[in-house]
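Visitor: Please find coords14.txt (compact mmCIF, C-alpha atoms and all ligand atoms) on the next line:
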# COMPACT_ATOMS: atom_id res chain seq x y z
CA MET N 1 -45.06 -39.37 12.55
CA LYS N 2 -47.81 -41.99 12.52
CA ARG N 3 -45.82 -44.16 14.92
CA LEU N 4 -45.22 -41.25 17.29
CA ALA N 5 -48.93 -40.45 17.27
CA ASN N 6 -49.66 -43.98 18.40
CA LEU N 7 -47.17 -43.85 21.32
CA PRO N 8 -48.58 -43.53 24.83
CA LEU N 9 -48.15 -39.99 26.33
CA ALA N 10 -45.70 -41.25 28.94
CA CYS N 11 -43.26 -42.28 26.17
CA LEU N 12 -43.52 -38.89 24.44
CA ALA N 13 -42.45 -37.15 27.64
CA THR N 14 -39.09 -38.92 27.43
CA VAL N 15 -38.31 -37.69 23.85
CA ASN N 16 -34.98 -35.91 24.05
CA ARG N 17 -35.44 -32.30 22.90
CA MET N 18 -31.90 -31.02 22.28
CA PHE N 19 -33.03 -27.56 21.23
CA GLU N 20 -34.79 -26.84 24.54
CA THR N 21 -31.60 -25.62 26.21
CA ILE N 22 -30.53 -23.29 23.41
CA GLU N 23 -31.03 -19.62 24.26
CA THR N 24 -31.84 -16.78 21.89
CA ALA N 25 -28.71 -15.06 20.55
CA PRO N 26 -28.29 -11.33 21.16
CA ALA N 27 -29.08 -9.15 18.13
CA ASP N 28 -26.07 -8.25 15.99
CA PRO N 29 -24.89 -4.73 16.95
CA ILE N 30 -25.01 -3.56 13.31
CA LEU N 31 -27.30 -5.81 11.27
CA GLY N 32 -29.70 -6.12 14.25
CA LEU N 33 -30.07 -2.35 14.08
CA THR N 34 -31.05 -2.58 10.41
CA ALA N 35 -33.79 -5.07 11.30
CA ALA N 36 -35.11 -2.68 13.98
CA PHE N 37 -34.94 0.25 11.51
CA ARG N 38 -37.00 -1.67 8.94
CA GLN N 39 -39.73 -2.25 11.54
CA ASP N 40 -39.88 1.39 12.61
CA SER N 41 -42.99 3.01 11.14
CA ASN N 42 -41.82 6.61 11.64
CA PRO N 43 -41.71 8.14 8.12
CA GLU N 44 -38.89 10.45 9.23
CA LYS N 45 -36.60 7.70 10.53
CA ILE N 46 -32.89 8.03 9.76
CA ASN N 47 -30.49 5.10 9.40
CA LEU N 48 -26.90 5.94 10.32
CA GLY N 49 -26.21 2.36 11.42
CA VAL N 50 -25.11 -0.18 8.83
CA GLY N 51 -22.31 0.84 6.46
CA VAL N 52 -24.34 1.11 3.27
CA TYR N 53 -24.06 4.12 0.96
CA GLN N 54 -27.16 6.23 0.44
CA ASP N 55 -27.51 8.94 -2.21
CA ALA N 56 -28.87 12.46 -1.75
CA GLU N 57 -32.42 11.02 -1.74
CA GLY N 58 -31.56 8.37 0.85
CA ARG N 59 -31.57 5.50 -1.65
CA THR N 60 -28.97 2.81 -2.25
CA PRO N 61 -29.13 2.55 -6.04
CA VAL N 62 -27.43 0.00 -8.29
CA LEU N 63 -24.51 1.81 -9.96
CA GLU N 64 -25.02 2.56 -13.68
CA SER N 65 -21.71 0.84 -14.48
CA VAL N 66 -22.94 -2.26 -12.63
CA LYS N 67 -26.24 -2.25 -14.55
CA ALA N 68 -24.31 -1.99 -17.84
CA ALA N 69 -21.96 -4.84 -16.82
CA GLU N 70 -24.94 -6.99 -15.82
CA ALA N 71 -26.46 -6.52 -19.29
CA VAL N 72 -23.18 -7.71 -20.83
CA ILE N 73 -23.11 -10.75 -18.50
CA LEU N 74 -26.77 -11.60 -19.15
CA HIS N 75 -26.16 -11.85 -22.88
CA GLY N 76 -22.68 -13.34 -22.77
CA GLU N 77 -22.90 -15.97 -20.02
CA THR N 78 -22.69 -19.45 -21.48
CA SER N 79 -22.65 -21.73 -18.44
CA LYS N 80 -23.71 -22.06 -14.83
CA GLY N 81 -21.13 -24.78 -14.16
CA TYR N 82 -19.08 -24.54 -10.95
CA LEU N 83 -16.25 -22.05 -10.75
CA PRO N 84 -12.84 -23.37 -9.63
CA ILE N 85 -12.30 -23.54 -5.84
CA ALA N 86 -10.39 -20.24 -5.92
CA GLY N 87 -12.90 -18.67 -8.31
CA SER N 88 -12.31 -17.04 -11.66
CA PRO N 89 -8.67 -16.34 -12.65
CA GLU N 90 -9.82 -13.21 -14.54
CA TYR N 91 -11.42 -11.90 -11.36
CA ALA N 92 -8.26 -12.69 -9.37
CA ARG N 93 -6.27 -10.64 -11.87
CA ALA N 94 -8.77 -7.76 -11.66
CA VAL N 95 -8.55 -7.75 -7.86
CA GLN N 96 -4.75 -7.68 -7.97
CA GLU N 97 -4.71 -4.84 -10.50
CA LEU N 98 -7.20 -2.79 -8.48
CA MET N 99 -5.08 -3.21 -5.35
CA PHE N 100 -1.63 -2.79 -6.90
CA THR N 101 -1.97 -1.83 -10.66
CA ALA N 102 -1.07 -4.18 -13.52
CA THR N 103 2.58 -3.21 -13.64
CA HIS N 104 3.33 -3.54 -9.92
CA GLU N 105 6.18 -5.85 -8.92
CA VAL N 106 3.87 -7.95 -6.70
CA VAL N 107 1.58 -8.67 -9.67
CA ARG N 108 4.29 -9.12 -12.33
CA SER N 109 6.34 -11.49 -10.18
CA GLY N 110 3.32 -13.69 -9.47
CA ARG N 111 3.98 -13.62 -5.73
CA VAL N 112 0.31 -12.81 -5.07
CA ALA N 113 -2.37 -15.50 -5.27
CA THR N 114 -6.02 -14.48 -5.02
CA SER N 115 -9.15 -16.46 -4.15
CA GLN N 116 -12.64 -15.20 -4.92
CA THR N 117 -14.71 -15.31 -1.72
CA PRO N 118 -18.31 -14.63 -0.67
CA GLY N 119 -17.73 -11.04 0.51
CA GLY N 120 -14.95 -9.62 2.62
CA THR N 121 -16.40 -11.42 5.62
CA GLY N 122 -16.04 -14.72 3.77
CA ALA N 123 -12.40 -13.86 3.06
CA LEU N 124 -11.77 -13.08 6.74
CA ARG N 125 -13.30 -16.39 7.78
CA VAL N 126 -11.15 -18.25 5.25
CA VAL N 127 -8.12 -16.57 6.86
CA GLY N 128 -9.40 -17.59 10.32
CA ASN N 129 -9.64 -21.23 9.25
CA PHE N 130 -6.25 -21.04 7.54
CA LEU N 131 -4.57 -19.66 10.67
CA GLN N 132 -6.26 -22.21 12.88
CA THR N 133 -5.05 -25.13 10.75
CA MET N 134 -1.72 -23.91 9.30
CA LEU N 135 -0.42 -21.50 11.96
CA PRO N 136 -2.22 -22.74 15.10
CA LYS N 137 0.03 -20.90 17.53
CA ALA N 138 -0.62 -17.51 15.92
CA ARG N 139 -2.81 -15.05 17.79
CA ILE N 140 -4.48 -12.18 15.97
CA TRP N 141 -4.15 -8.57 17.16
CA MET N 142 -6.87 -6.07 16.33
CA SER N 143 -7.19 -2.31 16.75
CA GLU N 144 -9.17 -1.11 19.75
CA PRO N 145 -11.85 -0.37 18.56
CA THR N 146 -12.48 -2.45 15.45
CA TRP N 147 -15.46 -3.66 13.41
CA PRO N 148 -17.47 -5.69 15.96
CA ASN N 149 -17.58 -8.69 13.61
CA HIS N 150 -13.77 -9.02 13.50
CA PRO N 151 -13.36 -10.68 16.92
CA LYS N 152 -16.43 -12.83 16.26
CA ILE N 153 -15.10 -14.17 12.96
CA PHE N 154 -11.69 -15.10 14.36
CA GLY N 155 -13.12 -16.31 17.67
CA ALA N 156 -15.51 -18.60 15.75
CA ALA N 157 -12.54 -19.97 13.81
CA GLY N 158 -10.75 -20.74 17.07
CA VAL N 159 -8.05 -18.06 16.79
CA GLU N 160 -7.09 -16.20 19.97
CA VAL N 161 -7.90 -12.49 19.69
CA GLN N 162 -5.85 -9.67 21.29
CA THR N 163 -6.04 -5.90 20.85
CA TYR N 164 -3.68 -2.97 20.34
CA PRO N 165 -4.54 0.71 21.04
CA TYR N 166 -5.69 2.78 18.08
CA PHE N 167 -8.13 5.53 19.03
CA ASP N 168 -7.18 8.62 21.03
CA ALA N 169 -10.53 9.72 22.48
CA GLU N 170 -9.20 13.04 23.81
CA GLN N 171 -7.83 14.17 20.45
CA ASN N 172 -10.38 12.27 18.35
CA GLY N 173 -7.38 11.05 16.41
CA LEU N 174 -4.96 8.17 16.02
CA ALA N 175 -3.11 7.03 19.16
CA PHE N 176 -0.09 6.48 16.94
CA ASP N 177 2.68 6.32 19.56
CA LYS N 178 0.69 3.93 21.72
CA MET N 179 -0.15 1.80 18.70
CA LEU N 180 3.48 1.58 17.61
CA ALA N 181 4.69 0.84 21.14
CA ALA N 182 2.12 -1.98 21.41
CA LEU N 183 3.17 -3.47 18.05
CA GLU N 184 6.76 -3.54 19.36
CA THR N 185 5.67 -5.96 22.10
CA ILE N 186 3.77 -8.49 19.97
CA PRO N 187 5.61 -11.81 19.73
CA ALA N 188 6.98 -12.91 16.35
CA GLY N 189 4.64 -15.26 14.49
CA ASP N 190 1.45 -13.44 15.48
CA VAL N 191 -0.89 -11.74 13.02
CA VAL N 192 -1.75 -8.02 13.04
CA LEU N 193 -5.10 -7.02 11.55
CA LEU N 194 -4.92 -3.58 9.94
CA HIS N 195 -7.66 -1.58 8.22
CA GLY N 196 -6.24 -0.69 4.78
CA CYS N 197 -8.14 2.63 4.65
CA CYS N 198 -11.25 4.28 6.08
CA HIS N 199 -10.91 2.63 9.49
CA ASN N 200 -14.17 1.07 10.66
CA PRO N 201 -15.52 2.41 13.08
CA SER N 202 -13.40 5.52 13.68
CA GLY N 203 -12.77 6.95 10.17
CA ILE N 204 -9.19 7.68 11.31
CA ASP N 205 -6.31 6.41 9.16
CA PRO N 206 -2.54 6.59 9.59
CA SER N 207 -0.75 8.98 7.20
CA ALA N 208 1.53 7.59 4.45
CA GLU N 209 4.57 8.21 6.73
CA GLN N 210 2.86 6.48 9.64
CA TRP N 211 2.10 3.46 7.41
CA GLN N 212 5.82 3.25 6.60
CA ALA N 213 6.63 3.19 10.31
CA ILE N 214 3.93 0.57 10.99
CA ALA N 215 5.24 -1.61 8.14
CA GLU N 216 8.79 -1.33 9.47
CA VAL N 217 7.79 -2.50 12.98
CA VAL N 218 5.48 -5.25 11.72
CA HIS N 219 8.20 -6.77 9.55
CA ARG N 220 11.11 -6.24 11.94
CA ARG N 221 9.10 -8.00 14.66
CA GLY N 222 8.31 -10.94 12.36
CA LEU N 223 4.53 -10.33 12.41
CA LEU N 224 2.16 -11.24 9.58
CA PRO N 225 0.02 -8.29 8.46
CA LEU N 226 -3.58 -9.01 7.52
CA VAL N 227 -5.16 -6.04 5.77
CA ASP N 228 -8.93 -5.67 5.74
CA PHE N 229 -9.46 -3.67 2.55
CA ALA N 230 -13.16 -2.89 2.26
CA TYR N 231 -13.34 0.81 1.36
CA GLN N 232 -10.84 1.43 -1.45
CA GLY N 233 -11.84 4.68 -3.17
CA PHE N 234 -13.97 5.99 -0.30
CA GLY N 235 -11.08 7.80 1.40
CA GLU N 236 -8.99 9.91 -0.98
CA GLY N 237 -9.06 7.93 -4.23
CA LEU N 238 -8.31 4.45 -5.61
CA ARG N 239 -4.51 4.76 -5.62
CA GLU N 240 -4.26 7.09 -2.61
CA ASP N 241 -6.21 4.55 -0.53
CA ALA N 242 -3.70 1.81 -1.35
CA VAL N 243 -0.74 3.43 0.47
CA ALA N 244 -0.95 0.90 3.31
CA LEU N 245 -0.63 -2.03 0.87
CA GLU N 246 2.26 -0.25 -0.81
CA ALA N 247 4.10 0.20 2.48
CA LEU N 248 3.48 -3.35 3.67
CA CYS N 249 4.23 -5.35 0.50
CA GLN N 250 7.81 -4.23 -0.10
CA ALA N 251 10.60 -6.55 -1.31
CA GLY N 252 9.65 -10.11 -0.65
CA ARG N 253 7.46 -9.34 2.36
CA GLU N 254 4.48 -11.52 3.21
CA MET N 255 0.94 -10.43 3.93
CA LEU N 256 -2.72 -11.34 3.59
CA ILE N 257 -5.37 -9.01 2.13
CA CYS N 258 -9.13 -9.40 2.47
CA SER N 259 -10.92 -7.30 -0.15
CA SER N 260 -14.57 -6.41 -0.28
CA PHE N 261 -16.43 -4.85 -3.21
CA SER N 262 -19.66 -4.33 -1.29
CA LYS N 263 -19.13 -0.61 -0.89
CA ASN N 264 -17.04 0.63 -3.80
CA PHE N 265 -19.09 -1.27 -6.43
CA GLY N 266 -22.31 -1.09 -4.37
CA LEU N 267 -22.56 -4.90 -4.64
CA TYR N 268 -23.53 -5.52 -1.01
CA ARG N 269 -26.01 -8.37 -1.45
CA GLU N 270 -23.96 -10.08 -4.17
CA ARG N 271 -21.33 -10.97 -1.56
CA VAL N 272 -18.18 -10.33 -3.56
CA GLY N 273 -14.76 -10.33 -1.97
CA ALA N 274 -11.31 -11.86 -2.22
CA LEU N 275 -8.44 -13.20 -0.19
CA SER N 276 -4.99 -12.42 -1.58
CA VAL N 277 -1.86 -14.11 -0.26
CA VAL N 278 1.26 -12.04 -0.89
CA ALA N 279 4.30 -14.29 -0.37
CA ALA N 280 8.06 -13.96 -0.81
CA ASP N 281 7.93 -15.51 -4.30
CA ARG N 282 5.61 -17.24 -6.77
CA GLU N 283 6.39 -20.75 -5.51
CA SER N 284 5.54 -19.83 -1.93
CA ALA N 285 2.33 -18.04 -2.96
CA THR N 286 1.19 -21.11 -4.94
CA ARG N 287 1.94 -23.45 -2.01
CA VAL N 288 0.03 -21.32 0.50
CA GLN N 289 -2.81 -20.87 -1.98
CA SER N 290 -3.18 -24.68 -2.19
CA GLN N 291 -3.88 -24.74 1.57
CA VAL N 292 -6.28 -21.82 1.31
CA MET N 293 -8.13 -23.77 -1.40
CA ALA N 294 -8.24 -26.90 0.75
CA GLY N 295 -9.88 -24.79 3.46
CA ILE N 296 -12.39 -23.29 1.01
CA ARG N 297 -13.32 -26.73 -0.33
CA ALA N 298 -14.16 -27.88 3.20
CA ASN N 299 -16.15 -24.70 3.84
CA TYR N 300 -18.32 -23.47 0.93
CA SER N 301 -16.62 -25.51 -1.83
CA ASN N 302 -16.37 -22.76 -4.44
CA PRO N 303 -17.62 -19.18 -4.67
CA PRO N 304 -20.78 -17.66 -6.15
CA SER N 305 -20.18 -16.06 -9.53
CA HIS N 306 -22.31 -13.01 -10.23
CA GLY N 307 -20.74 -10.19 -8.21
CA ALA N 308 -17.23 -11.15 -9.24
CA ALA N 309 -18.31 -11.30 -12.88
CA VAL N 310 -19.59 -7.72 -12.54
CA VAL N 311 -16.29 -6.51 -11.09
CA THR N 312 -14.31 -8.36 -13.78
CA THR N 313 -16.47 -6.97 -16.59
CA ILE N 314 -16.18 -3.39 -15.35
CA HIS N 315 -12.45 -3.68 -14.77
CA GLY N 316 -11.87 -5.17 -18.23
CA ASP N 317 -13.73 -2.46 -20.16
CA PRO N 318 -12.04 0.98 -20.17
CA GLN N 319 -15.33 2.81 -20.69
CA LEU N 320 -17.14 1.00 -17.89
CA HIS N 321 -14.08 1.41 -15.70
CA SER N 322 -14.06 5.18 -16.04
CA GLN N 323 -17.84 5.31 -15.56
CA TRP N 324 -17.40 3.32 -12.32
CA GLU N 325 -14.54 5.55 -11.15
CA ALA N 326 -16.74 8.61 -11.73
CA GLU N 327 -19.57 7.02 -9.74
CA LEU N 328 -17.16 6.14 -6.94
CA ARG N 329 -15.89 9.75 -6.93
CA THR N 330 -19.48 11.01 -6.66
CA MET N 331 -20.10 8.77 -3.63
CA ARG N 332 -16.86 9.89 -1.97
CA GLN N 333 -17.53 13.56 -2.60
CA ARG N 334 -21.10 13.33 -1.36
CA ILE N 335 -19.95 11.76 1.92
CA ASN N 336 -17.28 14.43 2.40
CA GLY N 337 -19.86 17.12 1.65
CA MET N 338 -22.13 15.64 4.34
CA ARG N 339 -19.24 15.70 6.84
CA THR N 340 -18.89 19.44 6.35
CA LEU N 341 -22.65 20.12 6.36
CA PHE N 342 -23.09 18.06 9.54
CA VAL N 343 -20.43 20.04 11.42
CA GLU N 344 -21.78 23.38 10.13
CA THR N 345 -25.38 22.50 10.94
CA LEU N 346 -24.50 21.44 14.50
CA GLN N 347 -22.70 24.76 14.94
CA ALA N 348 -25.69 26.66 13.55
CA LYS N 349 -27.92 24.88 16.08
CA GLY N 350 -25.76 26.24 18.88
CA VAL N 351 -23.94 23.01 19.76
CA ASP N 352 -20.73 24.19 21.42
CA ARG N 353 -18.94 20.83 21.43
CA ASP N 354 -16.26 20.83 18.73
CA PHE N 355 -17.21 18.28 16.07
CA SER N 356 -14.71 19.54 13.48
CA PHE N 357 -12.78 16.25 13.76
CA ILE N 358 -15.55 14.70 11.64
CA THR N 359 -14.34 16.62 8.59
CA ARG N 360 -10.84 15.17 9.04
CA GLN N 361 -12.06 11.56 9.09
CA ARG N 362 -12.45 9.47 5.96
CA GLY N 363 -14.75 6.82 4.56
CA MET N 364 -18.29 6.10 5.64
CA PHE N 365 -17.81 6.18 9.37
CA SER N 366 -17.05 8.52 12.23
CA PHE N 367 -16.88 7.98 15.92
CA SER N 368 -19.28 10.70 17.03
CA GLY N 369 -18.43 10.62 20.73
CA LEU N 370 -22.15 10.15 21.51
CA THR N 371 -22.64 7.96 24.57
CA ARG N 372 -24.74 4.82 24.76
CA PRO N 373 -27.63 6.57 26.60
CA GLN N 374 -27.59 9.36 23.97
CA VAL N 375 -27.61 6.78 21.16
CA ASP N 376 -30.52 4.95 22.81
CA ARG N 377 -32.47 8.17 23.23
CA LEU N 378 -31.94 9.13 19.59
CA ARG N 379 -33.38 5.79 18.54
CA GLU N 380 -36.27 5.68 21.02
CA GLU N 381 -37.41 9.30 20.75
CA TYR N 382 -36.36 10.31 17.24
CA SER N 383 -36.07 7.07 15.23
CA ILE N 384 -32.43 7.89 14.51
CA TYR N 385 -30.38 4.71 14.33
CA ILE N 386 -26.70 4.83 15.35
CA VAL N 387 -24.45 1.91 16.41
CA GLY N 388 -24.19 1.59 20.21
CA SER N 389 -20.50 2.55 20.16
CA GLY N 390 -21.46 6.01 18.81
CA ARG N 391 -20.31 5.10 15.28
CA ILE N 392 -22.27 7.03 12.67
CA ASN N 393 -22.54 6.20 9.00
CA VAL N 394 -22.06 9.62 7.41
CA ALA N 395 -23.28 8.15 4.10
CA GLY N 396 -26.77 7.96 5.65
CA MET N 397 -26.95 11.76 6.01
CA THR N 398 -28.68 13.86 3.36
CA ALA N 399 -29.37 17.57 2.96
CA GLY N 400 -33.02 16.58 3.59
CA ASN N 401 -32.52 14.83 6.95
CA MET N 402 -29.70 17.04 8.29
CA ASP N 403 -31.85 19.56 10.18
CA ARG N 404 -33.87 16.92 11.96
CA LEU N 405 -30.73 14.93 12.76
CA CYS N 406 -28.84 17.91 14.18
CA ASP N 407 -31.85 19.18 16.16
CA ALA N 408 -32.13 15.77 17.80
CA ILE N 409 -28.39 15.55 18.53
CA ALA N 410 -28.39 19.10 19.93
CA THR N 411 -31.25 18.11 22.27
CA VAL N 412 -29.65 14.92 23.60
CA LEU N 413 -26.32 16.70 24.07
CA LYS N 414 -27.99 19.46 26.13
CA ASP N 415 -29.82 17.16 28.54
C1 LIG M 1 -20.63 -2.17 8.67
O1 LIG M 1 -19.64 -2.11 9.39
O2 LIG M 1 -21.67 -1.54 8.92
C2 LIG M 1 -20.60 -2.99 7.41
O3 LIG M 1 -19.34 -3.54 7.25
C3 LIG M 1 -21.71 -3.97 7.33
C4 LIG M 1 -21.57 -5.11 8.28
O4 LIG M 1 -21.65 -6.25 7.82
O5 LIG M 1 -21.38 -4.92 9.49
Since I need it in another form, could you write the structure as structure tokens?

Guide:
Amino acid sequence: MKRLANLPLACLATVNRMFETIETAPADPILGLTAAFRQDSNPEKINLGVGVYQDAEGRTPVLESVKAAEAVILHGETSKGYLPIAGSPEYARAVQELMFTATHEVVRSGRVATSQTPGGTGALRVVGNFLQTMLPKARIWMSEPTWPNHPKIFGAAGVEVQTYPYFDAEQNGLAFDKMLAALETIPAGDVVLLHGCCHNPSGIDPSAEQWQAIAEVVHRRGLLPLVDFAYQGFGEGLREDAVALEALCQAGREMLICSSFSKNFGLYRERVGALSVVAADRESATRVQSQVMAGIRANYSNPPSHGAAVVTTIHGDPQLHSQWEAELRTMRQRINGMRTLFVETLQAKGVDRDFSFITRQRGMFSFSGLTRPQVDRLREEYSIYIVGSGRINVAGMTAGNMDRLCDAIATVLKD
């Protein structure tokens, strides 16, 4: 610094400033909205943007089961030493049992290997790196639409991204025939990204029969399914929401599963997720897992502990487990109640557009059909925050904000 200060001005002018050419990045379509919401001083603002559960009072509380598990961990933790590269084996087991149950063939045979990751996003990025290094010719196919971060994660990992049709805008439902026909054309060796339940952003899931048909095509075509499993328990129930996994994992079939426990354990900021490799047999799963671990070591080395310890503690204690299941049921039922109230309130306000499809969708999200100008107007004039695509987080609705929300929507729909 002292030397620089002594340099003549002419020399300073030649200092190479590499950052000068770097432009500001656009705001993230979801998390950027949260930042804008926080800055909004309107006391009546409503956040239907980011997928975070809110209770009837609009709060995102720590679950009671999580608080109880944290007390157990606080007193019982004996070390802050590193976890193994793939994380805690007890957590891996808990993840597998939550996805499949303890007695499932996939778990008993040992043909699933699980790594603890920093969130579901971390798991997806580990998959991206794995594909790029181990299966470099594979492209990844995503539903149109999908979570806006999906193409970014795989694009950043250098994996070519393609899309298949999913949403039928006219029916506000699943474009199942088009989806299946598109899957039939994907070349063997490519990867198909599927939302395990509670499709983000549409809230529209295939039925159990449709999952069977999807699994049949995916495997007959020699495609590798990658299931993003971030909302287990928010759709119909813990086991009901696992029908896609059940259909896809049959008899020696391979797949990848990225789990997130942000939503169903309310552990958002603890960043707790997992990548599970389901292979033909135990030997194959172990081999693939060794490459996943090599990728993790070169990325974040080994995972953070706390969130996974919470999940493991709750899963391992029958009392905490049933307390958690009850809390999960309460969240699910509240969201479904808000779906009904939203549709009824819009009707009561004289909105003649049929929004009843919202009661048939599952999970936190719905595609409202609101256009970009309507979404912008809701934010600018009413401090109501909705993702630009028209995706609404139903979990942000409460009995207290419903009137104001529906009045505003009725107004922008009229104009
Ligand atoms: C969402 O879709 O809103 C959540 O998955 C949060 C996020 O990271 O985008």

Visitor: Write as a list in words the residues around ligand LIG 1 (chain M), taking 9 Å as the cut-off and counting all atoms listed in the file.

Guide: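 Those residues are Asp28, Pro29, Ile30, Leu31, Gly49, Val50, Gly51, Val52, Gly120, Thr121, Trp147, Pro148, Asn149, Asn200, Pro201, Ala230, Ser262, Lys263, Tyr268, Met364, Phe365, Val387 and Asn393 of chain N.
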
Visitor: Mind checking which residues fall within 9 Å of Asp403 in chain N, counting all atoms listed in the file, ignoring those fewer than 2 positions away in the same chain, and posting them as a ChimeraX atom specification?

Guide: /N:342,345-346,349,399-401,405-408

Visitor: For CA of Gly363 in chain N and CA of Lys45 in chain N, quote the distance in Å rounded to one decimal.

Guide: 22.7 Å

Visitor: If I put a ball of radius 8 Å at (-12.7, 9.7, -6.1) in the file's coordinates, which residues poke into it when counting all atoms listed in the file, written as a compact mmCIF listing (two decimals) with C-alpha atoms, keeping the file's coordinate frame?

Guide:
# COMPACT_ATOMS: atom_id res chain seq x y z
CA GLY N 233 -11.84 4.68 -3.17
CA PHE N 234 -13.97 5.99 -0.30
CA GLY N 235 -11.08 7.80 1.40
CA GLU N 236 -8.99 9.91 -0.98
CA GLY N 237 -9.06 7.93 -4.23
CA LEU N 238 -8.31 4.45 -5.61
CA GLU N 325 -14.54 5.55 -11.15
CA ALA N 326 -16.74 8.61 -11.73
CA LEU N 328 -17.16 6.14 -6.94
CA ARG N 329 -15.89 9.75 -6.93
CA THR N 330 -19.48 11.01 -6.66
CA MET N 331 -20.10 8.77 -3.63
CA ARG N 332 -16.86 9.89 -1.97
CA GLN N 333 -17.53 13.56 -2.60

Visitor: Using all atoms listed in the file, can you list as a ChimeraX atom specification the residues within 6 Å of (-16.1, 14.7, 7.9)?

Guide: /N:336,339-340,358-361

Visitor: In Å, with one decimal, what is the gap from CA of Gly273 in chain N to CA of Arg287 in chain N?

Guide: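 Between CA of Gly273 in chain N and CA of Arg287 in chain N the gap is 21.2 Å.
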
Visitor: Just the number, please: distance in Å from CA of Thr286 in chain N to CA of Trp141 in chain N, one decimal.

Guide: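 We find that CA of Thr286 in chain N and CA of Trp141 in chain N lie 26.0 Å from each other.
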
Visitor: From the options N:Ser284, N:Thr34, N:Ser41, N:Thr60, which residue's atoms come nearest to Val112 in chain N, counting all atoms listed in the file?

Guide: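 The closest residue to Val112 in chain N is N:Ser284.
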
Visitor: Applying 7 Å and all atoms listed in the file, which residues near Arg271 in chain N remain after dropping the ones on its own chain fewer than 6 positions away? List them as a ChimeraX atom specification.

Guide: /N:118-119,262,307

Visitor: Counting only C-alpha atoms, what are the residues of range 300-352 of chain N within 10 Å of range 73-78 of chain N, and for each of them which pair of atoms is the nearest and at what distance in Å, to one decimal? Sort the table by chain and rising number, as JSON lines.

Guide:
{"residue": "N:His306", "atom": "CA", "partner": "N:Ile73", "partner_atom": "CA", "distance": 8.6}
{"residue": "N:Ala309", "atom": "CA", "partner": "N:Ile73", "partner_atom": "CA", "distance": 7.4}
{"residue": "N:Val310", "atom": "CA", "partner": "N:Ile73", "partner_atom": "CA", "distance": 7.6}
{"residue": "N:Thr313", "atom": "CA", "partner": "N:Ile73", "partner_atom": "CA", "distance": 7.9}

Visitor: Write out as a list in words each polymer residue whose atoms come within 9 Å of Ala68 in chain N, counting only C-alpha atoms; drop sequence neighbours fewer than 4 positions from it.

Guide: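 My reading of the contact set: Leu63, Glu64, Val72, Ile73, Ile314 and Leu320 of chain N.
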
Visitor: Determine, counting all atoms listed in the file, which protein, DNA and RNA residues have an atom within 10 Å of an atom of Gly252 in chain N; residues of the same chain fewer than 5 positions away are not included. Present the result as a list in words.

Guide: Glu105, Val106, Arg111, Val278, Ala279, Ala280 and Asp281 of chain N

Visitor: With N, CA, C and O atoms retained, output range 338-345 of chain N as a PDB file, in the first residue's frame.

Guide:
ATOM      1  N   MET N 338     -56.186 -23.174   2.664  1.00  0.00           N
ATOM      2  CA  MET N 338     -56.004 -21.874   2.005  1.00  0.00           C
ATOM      3  C   MET N 338     -56.351 -21.955   0.522  1.00  0.00           C
ATOM      4  O   MET N 338     -56.880 -21.004  -0.056  1.00  0.00           O
ATOM      5  N   ARG N 339     -56.078 -23.105  -0.093  1.00  0.00           N
ATOM      6  CA  ARG N 339     -56.450 -23.284  -1.510  1.00  0.00           C
ATOM      7  C   ARG N 339     -57.958 -23.092  -1.674  1.00  0.00           C
ATOM      8  O   ARG N 339     -58.419 -22.351  -2.546  1.00  0.00           O
ATOM      9  N   THR N 340     -58.710 -23.759  -0.801  1.00  0.00           N
ATOM     10  CA  THR N 340     -60.173 -23.673  -0.888  1.00  0.00           C
ATOM     11  C   THR N 340     -60.645 -22.242  -0.588  1.00  0.00           C
ATOM     12  O   THR N 340     -61.456 -21.676  -1.324  1.00  0.00           O
ATOM     13  N   LEU N 341     -60.112 -21.659   0.484  1.00  0.00           N
ATOM     14  CA  LEU N 341     -60.549 -20.304   0.872  1.00  0.00           C
ATOM     15  C   LEU N 341     -60.231 -19.291  -0.228  1.00  0.00           C
ATOM     16  O   LEU N 341     -61.025 -18.381  -0.499  1.00  0.00           O
ATOM     17  N   PHE N 342     -59.085 -19.452  -0.867  1.00  0.00           N
ATOM     18  CA  PHE N 342     -58.676 -18.535  -1.941  1.00  0.00           C
ATOM     19  C   PHE N 342     -59.696 -18.578  -3.079  1.00  0.00           C
ATOM     20  O   PHE N 342     -60.179 -17.539  -3.542  1.00  0.00           O
ATOM     21  N   VAL N 343     -60.032 -19.791  -3.506  1.00  0.00           N
ATOM     22  CA  VAL N 343     -60.976 -19.947  -4.629  1.00  0.00           C
ATOM     23  C   VAL N 343     -62.348 -19.390  -4.231  1.00  0.00           C
ATOM     24  O   VAL N 343     -62.980 -18.641  -4.993  1.00  0.00           O
ATOM     25  N   GLU N 344     -62.785 -19.700  -3.009  1.00  0.00           N
ATOM     26  CA  GLU N 344     -64.104 -19.209  -2.558  1.00  0.00           C
ATOM     27  C   GLU N 344     -64.120 -17.684  -2.441  1.00  0.00           C
ATOM     28  O   GLU N 344     -65.106 -17.032  -2.812  1.00  0.00           O
ATOM     29  N   THR N 345     -63.023 -17.129  -1.923  1.00  0.00           N
ATOM     30  CA  THR N 345     -63.001 -15.670  -1.729  1.00  0.00           C
ATOM     31  C   THR N 345     -62.993 -14.950  -3.079  1.00  0.00           C
ATOM     32  O   THR N 345     -63.677 -13.939  -3.254  1.00  0.00           O
TER      33      THR N 345
END
